[in-house]
file final14.cif (mmCIF, C-alpha atoms)
data_target
#
loop_
_atom_site.label_atom_id
_atom_site.label_comp_id
_atom_site.auth_asym_id
_atom_site.auth_seq_id
_atom_site.Cartn_x
_atom_site.Cartn_y
_atom_site.Cartn_z
CA MET E 1 0.00 0.00 0.00
CA GLU E 2 2.88 2.35 0.86
CA GLY E 3 4.45 1.80 -2.60
CA PHE E 4 1.14 2.39 -4.30
CA ALA E 5 0.69 5.68 -2.39
CA LYS E 6 4.13 6.90 -3.50
CA PHE E 7 3.33 5.95 -7.09
CA ALA E 8 0.00 7.83 -6.89
CA GLN E 9 1.76 10.93 -5.58
CA MET E 10 4.35 10.83 -8.39
CA LEU E 11 1.61 10.39 -10.99
CA LYS E 12 -0.33 13.34 -9.53
CA ARG E 13 2.76 15.60 -9.64
CA PHE E 14 3.45 14.54 -13.23
CA LEU E 15 -0.11 15.17 -14.37
CA SER E 16 -0.18 18.51 -12.54
CA SER E 17 3.05 19.70 -14.18
CA ARG E 18 1.83 18.38 -17.53
CA ALA E 19 -1.42 20.29 -17.15
CA LEU E 20 0.48 23.47 -16.32
CA HIS E 21 2.70 22.95 -19.34
CA LEU E 22 -0.29 22.43 -21.61
CA ALA E 23 -2.05 25.47 -20.16
CA ALA E 24 1.04 27.58 -20.68
CA SER E 25 1.42 26.30 -24.23
CA PHE E 26 -2.23 27.03 -24.94
CA THR E 27 -1.95 30.56 -23.50
CA LEU E 28 1.19 31.24 -25.54
CA GLY E 29 -0.55 29.95 -28.65
CA VAL E 30 -3.53 32.24 -28.08
CA MET E 31 -1.21 35.19 -27.52
CA LEU E 32 0.66 34.44 -30.74
CA LEU E 33 -2.60 34.12 -32.66
CA LEU E 34 -3.88 37.41 -31.26
CA GLY E 35 -0.56 39.05 -32.03
CA ALA E 36 -0.70 37.72 -35.57
CA HIS E 37 -4.26 39.00 -35.92
CA ARG E 38 -3.28 42.44 -34.67
CA ALA E 39 -0.31 42.51 -37.02
CA ALA E 40 -2.53 41.50 -39.92
CA ALA E 41 -5.16 44.05 -38.93
CA ASP E 42 -2.53 46.79 -38.69
CA SER E 43 -0.47 45.85 -41.73
CA THR E 44 -1.31 49.12 -43.50
CA PRO E 45 1.86 51.05 -44.44
CA THR E 46 2.67 54.17 -42.46
CA ASN E 47 4.44 55.93 -45.34
CA PHE E 48 1.89 57.76 -47.48
CA ASN E 49 3.66 56.96 -50.76
CA ASP E 50 3.38 53.27 -49.91
CA ILE E 51 -0.25 53.77 -48.90
CA THR E 52 -0.95 55.45 -52.24
CA GLN E 53 0.69 52.66 -54.23
CA ARG E 54 -1.22 49.95 -52.41
CA ALA E 55 -4.49 51.90 -52.74
CA ARG E 56 -4.41 51.98 -56.55
CA GLY E 57 -7.17 49.80 -57.95
CA GLN E 58 -9.11 49.58 -54.69
CA VAL E 59 -12.86 50.29 -54.50
CA VAL E 60 -13.76 52.39 -51.47
CA TYR E 61 -17.33 52.34 -50.14
CA PHE E 62 -18.16 55.70 -48.57
CA TYR E 63 -21.17 55.57 -46.24
CA ALA E 64 -22.54 59.11 -46.05
CA TRP E 65 -25.78 60.89 -45.38
CA GLY E 66 -27.45 61.30 -48.76
CA GLY E 67 -30.25 63.75 -47.99
CA SER E 68 -28.83 66.66 -49.99
CA GLU E 69 -28.26 66.54 -53.74
CA LEU E 70 -25.81 69.42 -53.36
CA TYR E 71 -23.68 67.33 -51.01
CA ASN E 72 -24.11 64.22 -53.16
CA ASN E 73 -22.89 66.12 -56.22
CA TYR E 74 -19.84 67.32 -54.31
CA ILE E 75 -19.04 63.77 -53.20
CA SER E 76 -19.44 62.57 -56.79
CA TRP E 77 -16.97 65.22 -57.95
CA ALA E 78 -14.48 64.27 -55.21
CA ALA E 79 -14.84 60.59 -56.13
CA GLY E 80 -14.04 61.40 -59.75
CA GLU E 81 -10.95 63.37 -58.78
CA THR E 82 -9.73 60.63 -56.46
CA PHE E 83 -9.99 58.10 -59.28
CA ARG E 84 -8.29 60.45 -61.77
CA LEU E 85 -5.40 61.27 -59.47
CA TYR E 86 -4.89 58.01 -57.57
CA GLY E 87 -6.75 55.22 -59.35
CA VAL E 88 -9.01 54.71 -56.32
CA ARG E 89 -12.67 54.23 -57.17
CA VAL E 90 -15.10 55.66 -54.59
CA LYS E 91 -18.74 54.57 -54.37
CA GLN E 92 -21.09 56.52 -52.13
CA VAL E 93 -23.66 54.55 -50.14
CA ARG E 94 -26.37 57.08 -49.30
CA LEU E 95 -27.74 56.89 -45.77
CA THR E 96 -30.82 58.40 -44.20
CA ASP E 97 -29.53 57.54 -40.72
CA THR E 98 -25.84 56.95 -39.99
CA ALA E 99 -26.79 54.73 -37.05
CA VAL E 100 -27.65 52.03 -39.60
CA VAL E 101 -24.05 51.53 -40.67
CA VAL E 102 -22.80 51.93 -37.08
CA ASN E 103 -25.07 49.06 -36.04
CA GLN E 104 -23.84 46.97 -38.96
CA ILE E 105 -20.22 47.49 -37.94
CA LEU E 106 -21.09 46.59 -34.34
CA SER E 107 -22.76 43.39 -35.58
CA ASP E 108 -19.60 42.57 -37.55
CA LYS E 109 -17.53 42.99 -34.39
CA GLN E 110 -19.80 40.71 -32.39
CA ALA E 111 -19.76 38.10 -35.17
CA GLY E 112 -15.95 38.15 -35.43
CA ASN E 113 -15.90 39.75 -38.89
CA ASN E 114 -12.62 41.60 -38.44
CA THR E 115 -11.46 42.04 -42.04
CA ALA E 116 -14.39 41.94 -44.48
CA GLY E 117 -16.55 44.90 -43.53
CA THR E 118 -18.87 46.63 -45.99
CA ALA E 119 -17.81 50.23 -45.20
CA ASP E 120 -14.38 51.75 -45.85
CA VAL E 121 -15.16 55.36 -44.85
CA VAL E 122 -18.01 56.68 -42.71
CA TRP E 123 -19.14 60.28 -42.39
CA ILE E 124 -19.89 60.65 -38.66
CA ASN E 125 -19.89 62.86 -35.61
CA GLY E 126 -21.46 63.15 -32.20
CA ASN E 127 -23.16 60.14 -30.70
CA ASN E 128 -22.25 57.85 -33.60
CA PHE E 129 -18.56 58.62 -33.03
CA LYS E 130 -18.88 58.06 -29.29
CA ILE E 131 -20.50 54.66 -29.86
CA MET E 132 -17.84 53.60 -32.36
CA LYS E 133 -15.04 54.78 -30.12
CA ASP E 134 -16.47 53.17 -26.98
CA LYS E 135 -17.10 49.86 -28.78
CA ASP E 136 -13.65 49.81 -30.40
CA LEU E 137 -15.12 49.93 -33.91
CA LEU E 138 -12.62 52.40 -35.41
CA TYR E 139 -9.32 51.97 -37.19
CA GLY E 140 -6.44 54.14 -36.09
CA PRO E 141 -5.12 56.46 -35.00
CA PHE E 142 -4.50 57.33 -38.64
CA ILE E 143 -4.98 61.06 -39.26
CA ASN E 144 -1.34 62.04 -38.67
CA ARG E 145 -0.30 59.66 -41.48
CA LEU E 146 -2.01 61.88 -44.05
CA PRO E 147 0.04 64.72 -45.57
CA ASN E 148 -2.83 67.23 -45.63
CA TYR E 149 -3.28 66.87 -41.89
CA LYS E 150 -0.62 69.56 -41.50
CA TRP E 151 -2.98 72.20 -42.91
CA LEU E 152 -5.64 71.72 -40.20
CA ALA E 153 -6.51 74.84 -38.19
CA VAL E 154 -6.04 73.09 -34.84
CA ALA E 155 -3.92 75.91 -33.36
CA ASN E 156 -6.73 78.46 -33.65
CA HIS E 157 -9.54 75.93 -33.39
CA PRO E 158 -8.64 73.17 -30.90
CA GLU E 159 -12.31 72.15 -30.95
CA LEU E 160 -11.55 70.39 -34.25
CA LEU E 161 -10.03 67.60 -32.19
CA ARG E 162 -13.05 67.25 -29.90
CA ASP E 163 -16.27 65.80 -31.30
CA PHE E 164 -19.31 66.80 -29.19
CA THR E 165 -16.87 67.12 -26.22
CA ILE E 166 -15.28 63.68 -26.97
CA ALA E 167 -11.54 63.59 -27.80
CA VAL E 168 -10.90 62.51 -31.39
CA ASP E 169 -7.59 60.78 -30.53
CA GLY E 170 -6.65 60.46 -34.20
CA LEU E 171 -9.58 58.13 -34.96
CA GLU E 172 -11.46 60.52 -37.27
CA MET E 173 -10.43 63.39 -39.54
CA PRO E 174 -12.16 66.78 -39.28
CA TRP E 175 -13.80 67.41 -42.64
CA GLY E 176 -16.01 70.46 -42.22
CA ARG E 177 -17.58 72.94 -39.83
CA ALA E 178 -21.30 73.17 -39.34
CA TYR E 179 -23.26 76.05 -37.84
CA PHE E 180 -26.96 76.03 -37.07
CA VAL E 181 -28.34 78.99 -39.02
CA PHE E 182 -31.89 80.21 -39.48
CA VAL E 183 -33.32 81.18 -42.86
CA ASN E 184 -35.80 83.95 -43.64
CA ASP E 185 -36.94 86.00 -46.62
CA ALA E 186 -36.10 89.64 -45.88
CA ALA E 187 -38.80 90.74 -48.34
CA THR E 188 -41.62 89.06 -46.41
CA THR E 189 -40.15 88.59 -42.91
CA PRO E 190 -37.78 91.54 -42.36
CA THR E 191 -37.59 91.07 -38.57
CA PRO E 192 -37.37 87.32 -37.93
CA PRO E 193 -37.35 85.87 -34.40
CA ARG E 194 -33.90 85.73 -32.79
CA SER E 195 -34.60 83.66 -29.68
CA ALA E 196 -36.80 80.82 -28.53
CA ILE E 197 -39.21 83.23 -26.83
CA GLU E 198 -39.47 85.39 -29.94
CA LEU E 199 -40.05 82.28 -32.06
CA LEU E 200 -43.03 81.29 -29.90
CA GLN E 201 -44.49 84.79 -30.27
CA PHE E 202 -43.85 84.64 -34.04
CA ALA E 203 -45.62 81.26 -34.31
CA LYS E 204 -48.64 82.61 -32.44
CA GLN E 205 -48.79 85.57 -34.82
CA ASN E 206 -48.40 83.28 -37.85
CA PRO E 207 -50.16 80.02 -36.95
CA GLY E 208 -49.42 77.07 -39.20
CA GLN E 209 -46.40 78.71 -40.82
CA VAL E 210 -43.64 77.41 -38.56
CA SER E 211 -42.40 73.84 -38.12
CA TYR E 212 -39.35 71.62 -37.72
CA PRO E 213 -38.32 68.11 -38.82
CA ALA E 214 -39.39 65.38 -36.43
CA PRO E 215 -36.58 63.70 -34.45
CA PRO E 216 -34.60 61.52 -34.84
CA ASP E 217 -33.91 63.55 -38.01
CA PHE E 218 -30.52 65.21 -37.51
CA THR E 219 -31.74 68.75 -38.21
CA GLY E 220 -34.80 68.27 -36.02
CA VAL E 221 -32.68 67.15 -33.07
CA ALA E 222 -30.32 70.09 -33.68
CA PHE E 223 -33.33 72.41 -33.40
CA LEU E 224 -34.19 70.86 -30.02
CA LYS E 225 -30.62 71.40 -28.84
CA GLN E 226 -30.69 75.01 -30.06
CA LEU E 227 -33.87 75.58 -28.04
CA MET E 228 -32.43 73.74 -25.01
CA LEU E 229 -29.33 75.93 -24.95
CA ASP E 230 -31.28 79.13 -25.56
CA LEU E 231 -33.74 78.39 -22.76
CA GLY E 232 -31.12 77.19 -20.27
CA ASN E 233 -27.45 77.41 -19.32
CA PRO E 234 -25.27 75.93 -22.12
CA ARG E 235 -22.64 74.85 -19.58
CA ASP E 236 -25.12 72.46 -17.99
CA PHE E 237 -25.07 70.29 -21.10
CA GLN E 238 -21.33 69.83 -21.63
CA LEU E 239 -21.15 66.76 -19.40
CA ALA E 240 -22.87 63.41 -19.61
CA PHE E 241 -25.44 62.32 -17.05
CA LYS E 242 -26.44 58.98 -15.54
CA ASP E 243 -30.00 59.66 -14.44
CA ASP E 244 -32.86 60.42 -16.86
CA ASN E 245 -34.72 62.14 -14.04
CA TYR E 246 -31.84 64.60 -13.79
CA ALA E 247 -31.99 65.13 -17.56
CA ARG E 248 -35.75 65.69 -17.47
CA GLN E 249 -35.33 68.27 -14.74
CA LYS E 250 -32.65 70.12 -16.70
CA THR E 251 -34.84 70.09 -19.84
CA LYS E 252 -38.09 70.95 -18.08
CA ALA E 253 -38.17 74.37 -19.76
CA LEU E 254 -37.69 72.78 -23.21
CA TRP E 255 -40.68 70.42 -22.91
CA ALA E 256 -42.92 73.16 -21.50
CA TYR E 257 -41.87 75.34 -24.42
CA LEU E 258 -42.65 72.66 -27.02
CA ASP E 259 -46.03 71.98 -25.40
CA ALA E 260 -46.82 75.67 -25.88
CA LEU E 261 -45.38 75.83 -29.42
CA HIS E 262 -46.89 72.74 -31.04
CA PRO E 263 -50.51 73.97 -31.33
CA TYR E 264 -49.26 76.86 -33.51
CA LEU E 265 -47.09 74.76 -35.81
CA TRP E 266 -47.92 73.57 -39.31
CA GLN E 267 -50.78 71.07 -38.96
CA GLN E 268 -50.85 71.85 -35.22
CA GLY E 269 -47.73 69.76 -34.64
CA LYS E 270 -49.53 66.56 -35.60
CA ASN E 271 -47.25 66.11 -38.62
CA PHE E 272 -43.76 67.40 -39.32
CA PRO E 273 -41.46 67.90 -42.30
CA LYS E 274 -39.46 64.74 -43.02
CA ASN E 275 -36.06 66.41 -43.06
CA GLU E 276 -34.22 69.64 -43.85
CA SER E 277 -34.75 69.32 -47.61
CA ASP E 278 -38.49 68.86 -47.09
CA MET E 279 -38.62 71.90 -44.81
CA LEU E 280 -36.68 74.02 -47.32
CA LYS E 281 -39.18 73.10 -50.05
CA MET E 282 -42.03 74.13 -47.77
CA PHE E 283 -40.22 77.41 -47.11
CA ALA E 284 -39.65 77.94 -50.83
CA SER E 285 -43.37 77.39 -51.51
CA LYS E 286 -44.21 79.86 -48.68
CA THR E 287 -45.97 77.16 -46.69
CA LEU E 288 -43.44 78.01 -43.95
CA LEU E 289 -42.05 81.46 -43.18
CA LEU E 290 -38.79 80.16 -41.67
CA SER E 291 -36.34 77.37 -42.21
CA PHE E 292 -33.02 76.37 -40.67
CA SER E 293 -30.01 74.27 -41.45
CA TYR E 294 -26.67 73.05 -40.15
CA ASN E 295 -25.16 74.38 -43.40
CA ALA E 296 -24.13 78.03 -43.26
CA GLY E 297 -24.31 78.27 -47.06
CA VAL E 298 -27.87 76.96 -47.40
CA ALA E 299 -29.35 80.30 -48.52
CA SER E 300 -26.63 80.98 -51.10
CA ALA E 301 -27.01 77.49 -52.54
CA ALA E 302 -30.82 77.74 -52.70
CA ILE E 303 -30.61 81.10 -54.44
CA LYS E 304 -28.09 79.73 -56.93
CA GLN E 305 -30.43 76.83 -57.70
CA LYS E 306 -33.30 79.32 -58.10
CA LEU E 307 -35.32 77.58 -55.42
CA VAL E 308 -35.77 80.85 -53.51
CA PRO E 309 -35.52 84.57 -54.36
CA PRO E 310 -32.33 86.62 -53.78
CA SER E 311 -33.93 88.24 -50.72
CA VAL E 312 -33.55 85.00 -48.75
CA GLN E 313 -30.79 85.09 -46.13
CA THR E 314 -29.39 83.29 -43.10
CA TYR E 315 -29.23 84.78 -39.63
CA ALA E 316 -28.22 83.85 -36.09
CA TRP E 317 -29.96 83.98 -32.74
CA GLN E 318 -28.89 86.63 -30.23
CA ARG E 319 -27.44 84.32 -27.56
CA GLY E 320 -25.59 82.26 -30.15
CA ILE E 321 -25.97 79.29 -32.47
CA LEU E 322 -24.92 75.67 -32.29
CA GLY E 323 -21.61 74.85 -33.90
CA ASN E 324 -19.81 71.57 -34.46
CA GLN E 325 -17.48 69.72 -36.76
CA HIS E 326 -18.13 66.66 -38.87
CA TYR E 327 -15.59 63.94 -39.51
CA LEU E 328 -14.46 61.03 -41.63
CA ALA E 329 -13.58 57.72 -39.99
CA ILE E 330 -12.41 54.27 -41.07
CA PRO E 331 -14.11 51.23 -39.51
CA PHE E 332 -11.89 48.68 -37.80
CA ASN E 333 -12.74 46.04 -40.41
CA ALA E 334 -12.61 48.20 -43.54
CA PRO E 335 -11.17 45.99 -46.30
CA HIS E 336 -9.59 48.91 -48.19
CA LYS E 337 -7.93 51.06 -45.55
CA GLU E 338 -5.28 52.39 -47.94
CA GLY E 339 -7.88 53.60 -50.42
CA ALA E 340 -9.87 55.08 -47.55
CA MET E 341 -6.89 57.13 -46.39
CA VAL E 342 -6.13 58.34 -49.92
CA PHE E 343 -9.73 59.50 -50.32
CA ILE E 344 -9.78 61.23 -46.92
CA ASN E 345 -6.48 62.94 -47.66
CA PHE E 346 -7.91 64.29 -50.92
CA LEU E 347 -11.02 65.60 -49.13
CA LEU E 348 -8.69 67.53 -46.83
CA SER E 349 -6.69 69.01 -49.73
CA PRO E 350 -6.77 72.77 -50.47
CA VAL E 351 -8.52 71.99 -53.77
CA ALA E 352 -11.33 69.96 -52.17
CA GLN E 353 -11.66 72.23 -49.13
CA GLY E 354 -11.73 75.33 -51.33
CA LYS E 355 -14.55 73.88 -53.42
CA LYS E 356 -16.40 72.90 -50.24
CA THR E 357 -16.56 76.59 -49.20
CA ASN E 358 -18.06 77.43 -52.61
CA PRO E 359 -21.87 77.68 -52.27
CA ASP E 360 -22.24 76.25 -55.77
CA PHE E 361 -20.77 72.95 -54.50
CA TRP E 362 -21.45 72.85 -50.72
CA GLY E 363 -20.98 76.11 -48.88
CA GLU E 364 -19.43 75.78 -45.43
CA PRO E 365 -16.34 77.16 -43.69
CA SER E 366 -13.15 75.14 -44.16
CA VAL E 367 -11.26 73.21 -41.49
CA LEU E 368 -7.94 74.38 -42.97
CA ASP E 369 -5.81 77.23 -41.68
CA ILE E 370 -5.42 79.33 -44.82
CA ALA E 371 -2.43 81.15 -43.30
CA LYS E 372 -0.57 77.82 -43.14
CA LEU E 373 -0.90 77.11 -46.85
CA ASP E 374 2.08 77.67 -49.12
CA ALA E 375 1.61 79.89 -52.18
CA ALA E 376 0.57 77.08 -54.54
CA ALA E 377 -1.81 75.50 -52.02
CA ARG E 378 -3.37 78.88 -51.22
CA GLN E 379 -3.97 79.52 -54.91
CA ASP E 380 -5.58 76.10 -55.26
CA PHE E 381 -7.89 76.91 -52.36
CA LEU E 382 -8.88 80.38 -53.61
CA THR E 383 -9.43 79.26 -57.20
CA ASN E 384 -11.84 76.53 -56.12
CA ALA E 385 -13.57 78.66 -53.49
CA GLY E 386 -14.96 80.90 -56.24
CA LYS E 387 -16.00 84.53 -56.02
CA ASN E 388 -18.41 84.24 -53.08
CA PRO E 389 -17.16 81.61 -50.62
CA VAL E 390 -19.03 81.20 -47.35
CA PRO E 391 -17.42 83.60 -44.86
CA PRO E 392 -16.73 82.84 -41.20
CA ILE E 393 -19.85 83.05 -39.04
CA ALA E 394 -20.21 86.38 -37.20
CA ALA E 395 -22.03 85.00 -34.18
CA THR E 396 -21.39 83.46 -30.79
CA ILE E 397 -20.84 79.73 -31.32
CA LEU E 398 -22.41 77.45 -28.73
CA PRO E 399 -20.54 74.14 -28.52
CA GLU E 400 -22.52 70.94 -29.00
CA PRO E 401 -23.77 69.24 -25.83
CA ASN E 402 -22.33 65.92 -24.76
CA PRO E 403 -23.69 63.06 -26.96
CA ALA E 404 -25.70 61.71 -24.02
CA TRP E 405 -28.06 64.67 -24.38
CA THR E 406 -28.66 63.92 -28.07
CA SER E 407 -29.79 60.37 -27.29
CA PHE E 408 -31.95 61.60 -24.42
CA LEU E 409 -33.65 64.28 -26.56
CA GLU E 410 -34.45 61.76 -29.31
CA GLN E 411 -35.99 59.26 -26.88
CA GLU E 412 -37.82 61.81 -24.74
CA TRP E 413 -39.28 63.61 -27.77
CA LYS E 414 -40.54 60.29 -29.13
CA ARG E 415 -42.03 59.37 -25.75
CA ARG E 416 -43.87 62.68 -25.50
CA TYR E 417 -44.88 63.50 -29.07
CA TYR E 418 -44.59 60.48 -31.34
CA LYS E 419 -47.97 59.62 -32.84
#
call {"tool": "encode", "arguments": {"input": "final14.cif", "output": "structure tokens"}}
result
Amino acid sequence: MEGFAKFAQMLKRFLSSRALHLAASFTLGVMLLLGAHRAAADSTPTNFNDITQRARGQVVYFYAWGGSELYNNYISWAAGETFRLYGVRVKQVRLTDTAVVVNQILSDKQAGNNTAGTADVVWINGNNFKIMKDKDLLYGPFINRLPNYKWLAVANHPELLRDFTIAVDGLEMPWGRAYFVFVNDAATTPTPPRSAIELLQFAKQNPGQVSYPAPPDFTGVAFLKQLMLDLGNPRDFQLAFKDDNYARQKTKALWAYLDALHPYLWQQGKNFPKNESDMLKMFASKTLLLSFSYNAGVASAAIKQKLVPPSVQTYAWQRGILGNQHYLAIPFNAPHKEGAMVFINFLLSPVAQGKKTNPDFWGEPSVLDIAKLDAAARQDFLTNAGKNPVPPIAATILPEPNPAWTSFLEQEWKRRYYK
């Protein structure tokens, strides 16, 4: 029995050490596989010349909001130039809601699809960026690999590297600046309302001739945020919150205001314009007396297209207007990361940014620091900007609230007013 006990102890020690060895081998194997996966996932060259060479022949799928033909035409032009200059073919996938592609990328992540995504570039900002960053759905940091990054106006505008208060951390490239402007016809409405309180009085005086797009439409939610900041303290909305009761208390004035406003809206607030384009058409047909947009060049573009008379103009509210930046990002599983970076770099070029300030093509202030440009780059910018580029906004700019407020406003509006 004593010999058998010794033998059993030796066998136990052997099996224990063998198990440890196998466990260690298994752990090492997993680490090597993960390391190999990371290396494969991050095998994109860092040198831009190498990136450009590898990008040639790639097809880049650009997922972008497609609700404006003006913007779509600009993207089509940029795609053509990218193919002409670099041999990269860009195909725009038009979205009505960017959350659709964000959810698709999240599903890919959960399913283990790490290399064969459907999107190569996504036009995002705000809550969509926060979700993608929090869920590790973004490739990068990559923006400092792109040569045109050096022209960014980050010295004078550090907000370019913060998206709705969230640090960019090199995961998305600033592409344009957006300001929430109001639109009126000076010939028919020479003294438009310049605050939330004045807007309510205006609606009462002109029942049925004011409205806004229903959330979750981007412009409709922006209108709610503009009201929220005008009726409250903008600083209260720079931080996230954990309790919806706290959020409801802070937005109590907003919901009371909307309750008072809705009976005087178009169709008594029972129906709403679908989006900004729909609202602009209603303004052009004089169904509505006011419109608004997150594009500072909206009036110039509409006049150029002969949708509205030359007396139409944009204006700002007295306390200030919402301002933010929009960005371009590369999903973690984009199959054509090189082509994506080439396309993004072109969109940041003085040529593309100059044309983007031209109301005939887009009409919004550039993210570039014009003083940084060398002589040739400055000439490229000015030539493409045209004779009447959109000037800087002469108004107080109210920074976007934390993304948590956007989600709350969408859900609370639906809870209160969705029919």
call {"tool": "closest_residue", "arguments": {"input": "final14.cif", "among": "E:Leu280, E:Asn103, E:Gly170, E:Phe180", "to": "Lys225 of chain E", "atoms": "all atoms listed in the file"}}
result
E:Phe180
call {"tool": "resolve_selection", "arguments": {"input": "final14.cif", "expression": "the PyMOL selection byres ((chain E and resi 94-100) around 9)", "output": "PDB file with C-alpha atoms, in the coordinates of the input"}}
result
ATOM      1  CA  PHE E  62     -18.160  55.700 -48.570  1.00  0.00           C
ATOM      2  CA  TYR E  63     -21.170  55.570 -46.240  1.00  0.00           C
ATOM      3  CA  ALA E  64     -22.540  59.110 -46.050  1.00  0.00           C
ATOM      4  CA  TRP E  65     -25.780  60.890 -45.380  1.00  0.00           C
ATOM      5  CA  GLY E  66     -27.450  61.300 -48.760  1.00  0.00           C
ATOM      6  CA  GLY E  67     -30.250  63.750 -47.990  1.00  0.00           C
ATOM      7  CA  ASN E  72     -24.110  64.220 -53.160  1.00  0.00           C
ATOM      8  CA  GLN E  92     -21.090  56.520 -52.130  1.00  0.00           C
ATOM      9  CA  VAL E  93     -23.660  54.550 -50.140  1.00  0.00           C
ATOM     10  CA  VAL E 101     -24.050  51.530 -40.670  1.00  0.00           C
ATOM     11  CA  VAL E 102     -22.800  51.930 -37.080  1.00  0.00           C
ATOM     12  CA  ASN E 103     -25.070  49.060 -36.040  1.00  0.00           C
ATOM     13  CA  GLN E 104     -23.840  46.970 -38.960  1.00  0.00           C
ATOM     14  CA  ILE E 105     -20.220  47.490 -37.940  1.00  0.00           C
ATOM     15  CA  VAL E 122     -18.010  56.680 -42.710  1.00  0.00           C
ATOM     16  CA  TRP E 123     -19.140  60.280 -42.390  1.00  0.00           C
ATOM     17  CA  ILE E 124     -19.890  60.650 -38.660  1.00  0.00           C
ATOM     18  CA  ASN E 128     -22.250  57.850 -33.600  1.00  0.00           C
ATOM     19  CA  PRO E 216     -34.600  61.520 -34.840  1.00  0.00           C
ATOM     20  CA  ASP E 217     -33.910  63.550 -38.010  1.00  0.00           C
ATOM     21  CA  PHE E 218     -30.520  65.210 -37.510  1.00  0.00           C
TER      22      PHE E 218
END
call {"tool": "closest_residue", "arguments": {"input": "final14.cif", "among": "E:Trp413, E:Phe48, E:Phe332, E:Tyr246", "to": "Leu146 of chain E", "atoms": "only C-alpha atoms"}}
result
E:Phe48
call {"tool": "resolve_selection", "arguments": {"input": "final14.cif", "expression": "the PyMOL selection byres ((chain E and resi 120) around 8)", "output": "VMD selection string"}}
result
chain E and resid 60 to 63 117 to 119 121 to 122 330 to 331 334 to 337 340
call {"tool": "resolve_selection", "arguments": {"input": "final14.cif", "expression": "the PyMOL selection byres ((chain E and resi 279) around 9)", "output": "ChimeraX atom specification"}}
result
/E:211-213,272-278,280-284,288,290-292
call {"tool": "closest_residue", "arguments": {"input": "final14.cif", "among": "E:Asp163, E:Glu338, E:Glu400, E:Glu69", "to": "Arg54 of chain E", "atoms": "all atoms listed in the file"}}
result
E:Glu338
call {"tool": "atom_distance", "arguments": {"input": "final14.cif", "atom1": "atom CA of Asn358 of chain E", "atom2": "atom CA of Ala395 of chain E"}}
result
20.3 Å
call {"tool": "closest_residue", "arguments": {"input": "final14.cif", "among": "E:Lys355, E:Glu172, E:Asn333, E:Leu161", "to": "Leu137 of chain E", "atoms": "all atoms listed in the file"}}
result
E:Asn333
call {"tool": "closest_residue", "arguments": {"input": "final14.cif", "among": "E:Leu409, E:Leu289, E:Ala256, E:Ala167", "to": "Thr189 of chain E", "atoms": "only C-alpha atoms"}}
result
E:Leu289
call {"tool": "atom_distance", "arguments": {"input": "final14.cif", "atom1": "atom CA of Tyr149 of chain E", "atom2": "atom CA of Met173 of chain E"}}
result
8.3 Å
call {"tool": "atom_distance", "arguments": {"input": "final14.cif", "atom1": "atom CA of Glu159 of chain E", "atom2": "atom CA of Gly323 of chain E"}}
result
10.1 Å
call {"tool": "closest_residue", "arguments": {"input": "final14.cif", "among": "E:Met228, E:Ala111, E:Leu200, E:Val90", "to": "Thr406 of chain E", "atoms": "all atoms listed in the file"}}
result
E:Met228
call {"tool": "residues_near_point", "arguments": {"input": "final14.cif", "point": "(-3.9, 58.0, -50.1)", "cutoff": "8 Å", "atoms": "only C-alpha atoms", "output": "ChimeraX atom specification"}}
result
/E:48-49,51-52,55,86,146,338-346
call {"tool": "residues_around", "arguments": {"input": "final14.cif", "residues": "Pro389 of chain E", "least_positions_apart": "3", "cutoff": "7 Å", "atoms": "all atoms listed in the file", "output": "ChimeraX atom specification"}}
result
/E:357-359,363,385-386
call {"tool": "residues_around", "arguments": {"input": "final14.cif", "residues": "Ala253 of chain E", "least_positions_apart": "3", "cutoff": "12 Å", "atoms": "all atoms listed in the file", "output": "ChimeraX atom specification"}}
result
/E:196-197,224,227-233,247-250,256-260
call {"tool": "residues_around", "arguments": {"input": "final14.cif", "residues": "Leu382 of chain E", "least_positions_apart": "5", "cutoff": "9 Å", "atoms": "only C-alpha atoms", "output": "list in words"}}
result
Pro350, Val351, Gly354, Lys355, Ala377, Lys387 and Pro389 of chain E
call {"tool": "residues_around", "arguments": {"input": "final14.cif", "residues": "Lys135 of chain E", "least_positions_apart": "4", "cutoff": "9 Å", "atoms": "all atoms listed in the file", "output": "mmCIF file with C-alpha atoms, keeping the file's coordinate frame"}}
result
data_model
loop_
_atom_site.group_PDB
_atom_site.id
_atom_site.type_symbol
_atom_site.label_atom_id
_atom_site.label_comp_id
_atom_site.auth_asym_id
_atom_site.auth_seq_id
_atom_site.Cartn_x
_atom_site.Cartn_y
_atom_site.Cartn_z
ATOM 1 C CA LEU E 106 -21.090 46.590 -34.340
ATOM 2 C CA LYS E 109 -17.530 42.990 -34.390
ATOM 3 C CA LYS E 130 -18.880 58.060 -29.290
ATOM 4 C CA ILE E 131 -20.500 54.660 -29.860
#
call {"tool": "residues_near_point", "arguments": {"input": "final14.cif", "point": "(-14.3, 70.1, -26.1)", "cutoff": "12 Å", "atoms": "all atoms listed in the file", "output": "PyMOL selection string"}}
result
chain E and resi 126+157-168+235+237-239+323-325+398-403
call {"tool": "residues_around", "arguments": {"input": "final14.cif", "residues": "Asp185 of chain E", "least_positions_apart": "5", "cutoff": "7 Å", "atoms": "only C-alpha atoms", "output": "PyMOL selection string"}}
result
chain E and resi 311-313
